[in-house]
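> Handing you a structure now.
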Amino acid sequence: MSQSATFRKPVPYIASALLIVSMTIATLTAQRLDEMRPQATLMEVIYIQSPRAVKVMSLGYTGLAACVYWTRAVQYFGEKHLLRSKRLDLLPKLLDLTVSLDPHLLPAYEFGAIFLAQKPPEGAGLPDEAVKLVERGIRANPDRWKLYYSLGFIHFIERKDYKAAEKAFDEGSKIPGAHPWMKVMAAAMAARAGDMDSARFLWTQIYEGTDDKLIRRNALSRLIALRVDDDVIHLDKMVQDYVKKTGSPPSSWQNLIAMGWLQGAPLDPAGEPYELQPGGRVVVHDVSKFPFIEHGIPEGENRSEFIGPAADKVLEKPGLAPK
């Protein structure tokens with residue numbers, strides 16, 4: 001027998017062994033499906049849970065396997081988002097598998113952490129797990145300042161921990177090549193001032209820092225909500241000034257227009273006039289168009305917790321993206 005034949009002979013046996021293992025897993029999976037929780041899908045069940053097992057089965061192609069799992073993580077997040085699901089149980093495991101296979105796959109840390117941190121159904125509602133993921137990324141990639149940015153972002157936006165955010169931005173600013181605004185963000189966190197401006201800046205960086213449509217869409221919806229909050233705060237201040245000047249709240253926008261404070265009825269980003277309720281309260285006409293707003297929510301209504309059809313129309317309007 002030739003030497004080349006000797007080396008070729010084990011290959012069919014390896015392939016056969018892998019096939020047998022795969023068939024066994026598939027059979028066991030089928031038997032277990034009836035025992036799984038009702039909301040589980042087949043795709044959630046068939047993924048191998050052990051990073052070590054995946055490494056062995058990848059036959060050395062761990063980088064490729066990591067990309068496959070990261071792609072699946074993004075798809076899984078997108079599917080759950082579309083279904084407005086409030087449970088993303090598989091997401092932490094998919095991200096763990098991804099970065100275990102390739103500790104240097106930076107998007108998995110940067111954007112995976114956002115998926116983890118946001119409240120359901122926009123994310124898994126696990127900000128502490130998101131922090132652990134990014135900190136894991138920093139340990140594996142200590143020279144990447146953008147990971148410190150992601151860490152500061154989560155501490156500020158999702159955890160409201162200004163001290164931790166300041167520390168993250170400050171440490172990241174010391175890494176060679178870090179953007180100068182890292183120092184600016186550290187200072188803003190130290191002062192705990194200008195929170196809305198800081199949030200706008202951070203979401204703009206997210207929006208402009210990726211080509212992923214789902215991530216950009218989410219960032220844009222946040223920026224639109226911040227614009228509404230700005231508008232309502234500004235209009236509320238006008239109403240308060242009017243009350244101080246006249247002793248009673250305005251009955252319509254025409255009162256403020258007559259004072260020279262407005263040129264016309266103020267419009268929200270959807271093109272609808274803001275409503276001035278009796279007593280002077282400023283609210284949006286349709287709250288379902290503005291996920292994430294904190295101000296201008298009509299009495300007795302709940303803020304939309306998902307980006308639904310009404311919000312789609314706003315996101316599709318030209319001129320809303322950051323310049």
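Just remember, in the structure tokens the first chain shown is A, the second B, etc., residues are 1-based per chain, and ligands are 1-based in the order shown.
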Fewer than 6 positions away in the same chain doesn't count, so skip those; otherwise give me all residues within 10 Å of range 178-189 of chain A, counting only C-alpha atoms, as a PyMOL selection string.

chain A and resi 143-146+148-149+152-153+156+161-172+195+197-198+201-202

> So that I have them on file, write out the residues from the current selection with C-alpha atoms, as a PDB file, in the first residue's frame.


```pdb
ATOM      1  CA  ASP A 143      -5.558  47.192  22.915  1.00  0.00           C
ATOM      2  CA  ARG A 144      -9.021  47.775  21.404  1.00  0.00           C
ATOM      3  CA  TRP A 145     -10.377  51.086  22.714  1.00  0.00           C
ATOM      4  CA  LYS A 146     -13.780  50.581  21.079  1.00  0.00           C
ATOM      5  CA  TYR A 148     -14.122  50.332  26.394  1.00  0.00           C
ATOM      6  CA  TYR A 149     -16.522  52.563  24.498  1.00  0.00           C
ATOM      7  CA  GLY A 152     -19.112  52.780  28.945  1.00  0.00           C
ATOM      8  CA  PHE A 153     -22.146  52.853  26.652  1.00  0.00           C
ATOM      9  CA  PHE A 156     -24.472  54.777  30.967  1.00  0.00           C
ATOM     10  CA  ASP A 161     -24.037  53.705  36.474  1.00  0.00           C
ATOM     11  CA  TYR A 162     -22.237  56.974  35.755  1.00  0.00           C
ATOM     12  CA  LYS A 163     -19.175  56.159  37.830  1.00  0.00           C
ATOM     13  CA  ALA A 164     -18.592  52.860  36.007  1.00  0.00           C
ATOM     14  CA  ALA A 165     -19.210  54.600  32.673  1.00  0.00           C
ATOM     15  CA  GLU A 166     -16.684  57.312  33.541  1.00  0.00           C
ATOM     16  CA  LYS A 167     -14.075  54.667  34.411  1.00  0.00           C
ATOM     17  CA  ALA A 168     -14.654  52.768  31.153  1.00  0.00           C
ATOM     18  CA  PHE A 169     -14.415  55.855  28.944  1.00  0.00           C
ATOM     19  CA  ASP A 170     -11.375  57.122  30.855  1.00  0.00           C
ATOM     20  CA  GLU A 171      -9.482  53.824  30.605  1.00  0.00           C
ATOM     21  CA  GLY A 172     -10.343  53.544  26.935  1.00  0.00           C
ATOM     22  CA  ASP A 195     -27.248  63.106  29.810  1.00  0.00           C
ATOM     23  CA  ASP A 197     -26.702  65.045  24.718  1.00  0.00           C
ATOM     24  CA  SER A 198     -24.411  62.211  25.771  1.00  0.00           C
ATOM     25  CA  PHE A 201     -23.821  61.267  20.838  1.00  0.00           C
ATOM     26  CA  LEU A 202     -23.455  57.591  21.773  1.00  0.00           C
TER      27      LEU A 202
END
```

> For Met238 in chain A, work out the shell of residues within 12 Å, counting only C-alpha atoms and skipping chain neighbours fewer than 6 positions away, then give it as a PyMOL selection string.

chain A and resi 231-232+244-245+249-250+253+255-257+259-262+266+276+280-282

> With C-alpha atoms retained, could you export that selection as a short mmCIF file (atom, residue, chain, number, x, y, z; two decimals), in the first residue's frame?


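Contents of the output file out38.cif:
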```cif
data_model
loop_
_atom_site.label_atom_id
_atom_site.label_comp_id
_atom_site.auth_asym_id
_atom_site.auth_seq_id
_atom_site.Cartn_x
_atom_site.Cartn_y
_atom_site.Cartn_z
CA ASP A 231 -39.15 68.87 21.70
CA VAL A 232 -41.53 68.10 24.56
CA LYS A 244 -45.98 82.76 34.62
CA LYS A 245 -46.72 85.62 32.25
CA PRO A 249 -52.14 77.81 30.74
CA PRO A 250 -52.52 78.29 26.97
CA TRP A 253 -50.70 76.67 20.22
CA ASN A 255 -51.65 81.49 22.21
CA LEU A 256 -47.90 80.85 21.97
CA ILE A 257 -47.85 81.84 18.31
CA MET A 259 -46.70 85.70 21.83
CA GLY A 260 -44.16 85.31 19.04
CA TRP A 261 -42.68 82.19 20.64
CA LEU A 262 -43.73 79.82 17.85
CA PRO A 266 -44.99 72.35 16.41
CA LEU A 276 -51.61 70.61 23.89
CA GLY A 280 -50.99 72.72 29.32
CA ARG A 281 -49.60 69.20 29.07
CA VAL A 282 -47.70 68.49 25.83
#
```

> Check the smallest atom-to-atom distance from each of A:Leu126, A:Ile138, A:Leu106, A:Ala190 to Leu91 in chain A using only C-alpha atoms, then report the winner.

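With only C-alpha atoms as the atom set, the closest residue is A:Leu126.
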
> May I have all residues of range 33-275 of chain A that DSSP, computed from the backbone, assigns to alpha helix (DSSP H), given as a ChimeraX atom specification?

/A:42-45,51-57,62-82,91-101,106-117,127-140,145-157,162-173,181-191,195-208,213-246,253-258

> Could you tell me how far CA of Thr210 in chain A lies from CA of Leu97 in chain A, in Å and to one decimal?

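A separation of 22.3 Å between them.
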
> Quick one: everything within 10 Å of range 64-77 of chain A, counting only C-alpha atoms, minus sequence neighbours fewer than 6 positions away in the same chain. Send it as number ranges by chain.

A: 43-44, 47, 54-55, 57-58, 83, 85, 88, 90-105, 107-108, 111-112, 115-116, 121-124, 212, 214-215

> Those residues you just picked out, can you put them in a file as an mmCIF file, in the first residue's frame with N, CA and C atoms?


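Okay, this is what ended up in selection22.cif:
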```
data_model
loop_
_atom_site.group_PDB
_atom_site.id
_atom_site.type_symbol
_atom_site.label_atom_id
_atom_site.label_comp_id
_atom_site.auth_asym_id
_atom_site.auth_seq_id
_atom_site.Cartn_x
_atom_site.Cartn_y
_atom_site.Cartn_z
ATOM 1 N N MET A 43 -34.652 25.202 15.913
ATOM 2 C CA MET A 43 -33.351 25.849 15.768
ATOM 3 C C MET A 43 -32.728 26.157 17.113
ATOM 4 N N GLU A 44 -33.535 26.352 18.148
ATOM 5 C CA GLU A 44 -33.015 26.638 19.475
ATOM 6 C C GLU A 44 -32.505 25.371 20.151
ATOM 7 N N TYR A 47 -28.622 23.376 18.444
ATOM 8 C CA TYR A 47 -27.274 23.898 18.585
ATOM 9 C C TYR A 47 -26.513 23.199 19.699
ATOM 10 N N VAL A 54 -17.737 22.096 20.006
ATOM 11 C CA VAL A 54 -17.763 22.776 18.710
ATOM 12 C C VAL A 54 -16.354 22.923 18.157
ATOM 13 N N LYS A 55 -15.402 23.235 19.026
ATOM 14 C CA LYS A 55 -14.015 23.363 18.587
ATOM 15 C C LYS A 55 -13.505 22.058 17.989
ATOM 16 N N MET A 57 -15.339 19.592 16.685
ATOM 17 C CA MET A 57 -16.054 19.276 15.452
ATOM 18 C C MET A 57 -15.732 20.237 14.317
ATOM 19 N N SER A 58 -15.167 21.410 14.639
ATOM 20 C CA SER A 58 -14.815 22.368 13.585
ATOM 21 C C SER A 58 -13.547 21.964 12.854
ATOM 22 N N LEU A 83 -40.810 38.976 16.006
ATOM 23 C CA LEU A 83 -41.931 38.351 16.707
ATOM 24 C C LEU A 83 -42.298 39.085 17.993
ATOM 25 N N SER A 85 -40.769 39.091 20.721
ATOM 26 C CA SER A 85 -40.606 38.167 21.834
ATOM 27 C C SER A 85 -39.927 38.857 23.008
ATOM 28 N N LEU A 88 -35.212 35.863 25.002
ATOM 29 C CA LEU A 88 -34.154 35.541 24.056
ATOM 30 C C LEU A 88 -33.179 34.592 24.749
ATOM 31 N N LEU A 90 -31.704 31.842 24.021
ATOM 32 C CA LEU A 90 -30.556 31.255 23.340
ATOM 33 C C LEU A 90 -29.440 32.265 23.080
ATOM 34 N N LEU A 91 -29.738 33.548 23.154
ATOM 35 C CA LEU A 91 -28.764 34.567 22.776
ATOM 36 C C LEU A 91 -27.471 34.509 23.597
ATOM 37 N N PRO A 92 -27.525 34.459 24.930
ATOM 38 C CA PRO A 92 -26.262 34.396 25.681
ATOM 39 C C PRO A 92 -25.395 33.205 25.288
ATOM 40 N N LYS A 93 -26.010 32.049 25.047
ATOM 41 C CA LYS A 93 -25.248 30.856 24.669
ATOM 42 C C LYS A 93 -24.621 31.016 23.293
ATOM 43 N N LEU A 94 -25.365 31.571 22.342
ATOM 44 C CA LEU A 94 -24.809 31.798 21.013
ATOM 45 C C LEU A 94 -23.603 32.740 21.068
ATOM 46 N N LEU A 95 -23.710 33.785 21.871
ATOM 47 C CA LEU A 95 -22.597 34.732 21.994
ATOM 48 C C LEU A 95 -21.403 34.087 22.691
ATOM 49 N N ASP A 96 -21.680 33.262 23.703
ATOM 50 C CA ASP A 96 -20.605 32.559 24.400
ATOM 51 C C ASP A 96 -19.875 31.629 23.446
ATOM 52 N N LEU A 97 -20.623 30.882 22.637
ATOM 53 C CA LEU A 97 -20.019 29.993 21.652
ATOM 54 C C LEU A 97 -19.173 30.776 20.659
ATOM 55 N N THR A 98 -19.705 31.910 20.213
ATOM 56 C CA THR A 98 -19.001 32.720 19.214
ATOM 57 C C THR A 98 -17.647 33.176 19.719
ATOM 58 N N VAL A 99 -17.614 33.807 20.890
ATOM 59 C CA VAL A 99 -16.354 34.371 21.374
ATOM 60 C C VAL A 99 -15.439 33.301 21.957
ATOM 61 N N SER A 100 -15.987 32.143 22.314
ATOM 62 C CA SER A 100 -15.123 31.034 22.732
ATOM 63 C C SER A 100 -14.356 30.491 21.538
ATOM 64 N N LEU A 101 -15.011 30.452 20.392
ATOM 65 C CA LEU A 101 -14.371 29.980 19.171
ATOM 66 C C LEU A 101 -13.381 31.001 18.618
ATOM 67 N N ASP A 102 -13.726 32.273 18.708
ATOM 68 C CA ASP A 102 -12.837 33.331 18.222
ATOM 69 C C ASP A 102 -12.886 34.514 19.187
ATOM 70 N N PRO A 103 -11.963 34.578 20.142
ATOM 71 C CA PRO A 103 -11.956 35.661 21.137
ATOM 72 C C PRO A 103 -11.669 37.039 20.544
ATOM 73 N N HIS A 104 -11.310 37.087 19.258
ATOM 74 C CA HIS A 104 -10.948 38.364 18.638
ATOM 75 C C HIS A 104 -11.991 38.852 17.639
ATOM 76 N N LEU A 105 -13.167 38.252 17.662
ATOM 77 C CA LEU A 105 -14.252 38.687 16.774
ATOM 78 C C LEU A 105 -14.971 39.865 17.439
ATOM 79 N N PRO A 107 -17.018 42.444 16.598
ATOM 80 C CA PRO A 107 -18.451 42.770 16.515
ATOM 81 C C PRO A 107 -19.311 41.954 17.470
ATOM 82 N N ALA A 108 -18.891 40.737 17.784
ATOM 83 C CA ALA A 108 -19.678 39.902 18.694
ATOM 84 C C ALA A 108 -19.739 40.522 20.083
ATOM 85 N N PHE A 111 -21.621 44.600 19.403
ATOM 86 C CA PHE A 111 -23.043 44.621 19.094
ATOM 87 C C PHE A 111 -23.803 43.532 19.843
ATOM 88 N N GLY A 112 -23.129 42.417 20.125
ATOM 89 C CA GLY A 112 -23.765 41.382 20.930
ATOM 90 C C GLY A 112 -24.143 41.901 22.305
ATOM 91 N N PHE A 115 -27.387 43.782 22.076
ATOM 92 C CA PHE A 115 -28.502 42.840 22.023
ATOM 93 C C PHE A 115 -28.841 42.334 23.419
ATOM 94 N N LEU A 116 -27.821 42.023 24.201
ATOM 95 C CA LEU A 116 -28.027 41.492 25.547
ATOM 96 C C LEU A 116 -28.609 42.534 26.494
ATOM 97 N N PRO A 121 -38.830 43.910 24.315
ATOM 98 C CA PRO A 121 -38.380 42.949 23.324
ATOM 99 C C PRO A 121 -37.266 43.465 22.431
ATOM 100 N N GLU A 122 -36.660 44.614 22.766
ATOM 101 C CA GLU A 122 -35.555 45.136 21.974
ATOM 102 C C GLU A 122 -34.248 44.412 22.274
ATOM 103 N N GLY A 123 -34.231 43.603 23.311
ATOM 104 C CA GLY A 123 -33.041 42.856 23.670
ATOM 105 C C GLY A 123 -33.376 41.831 24.734
ATOM 106 N N ALA A 124 -32.336 41.237 25.303
ATOM 107 C CA ALA A 124 -32.544 40.174 26.284
ATOM 108 C C ALA A 124 -32.790 40.707 27.686
ATOM 109 N N ASP A 212 -24.811 47.149 9.605
ATOM 110 C CA ASP A 212 -25.895 46.218 9.896
ATOM 111 C C ASP A 212 -27.218 46.978 9.990
ATOM 112 N N LEU A 214 -30.213 46.139 11.033
ATOM 113 C CA LEU A 214 -30.983 45.990 12.262
ATOM 114 C C LEU A 214 -30.438 46.899 13.361
ATOM 115 N N ILE A 215 -29.119 46.949 13.472
ATOM 116 C CA ILE A 215 -28.488 47.781 14.497
ATOM 117 C C ILE A 215 -28.703 49.257 14.180
#
```

> So which one's closest to Tyr109 in chain A, A:Lys132, A:His295, A:His81, A:Arg222? Using only C-alpha atoms, please.

A:Lys132

> One decimal, Å: what's the distance from CA of Lys160 in chain A over to CA of Gln240 in chain A, could you say?

28.8 Å

> Which one of A:Glu110, A:Ser173, A:Arg217, A:Gly125 sits closest to Pro322 in chain A if you count only C-alpha atoms?

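Smallest distance to Pro322 in chain A is found for A:Arg217.
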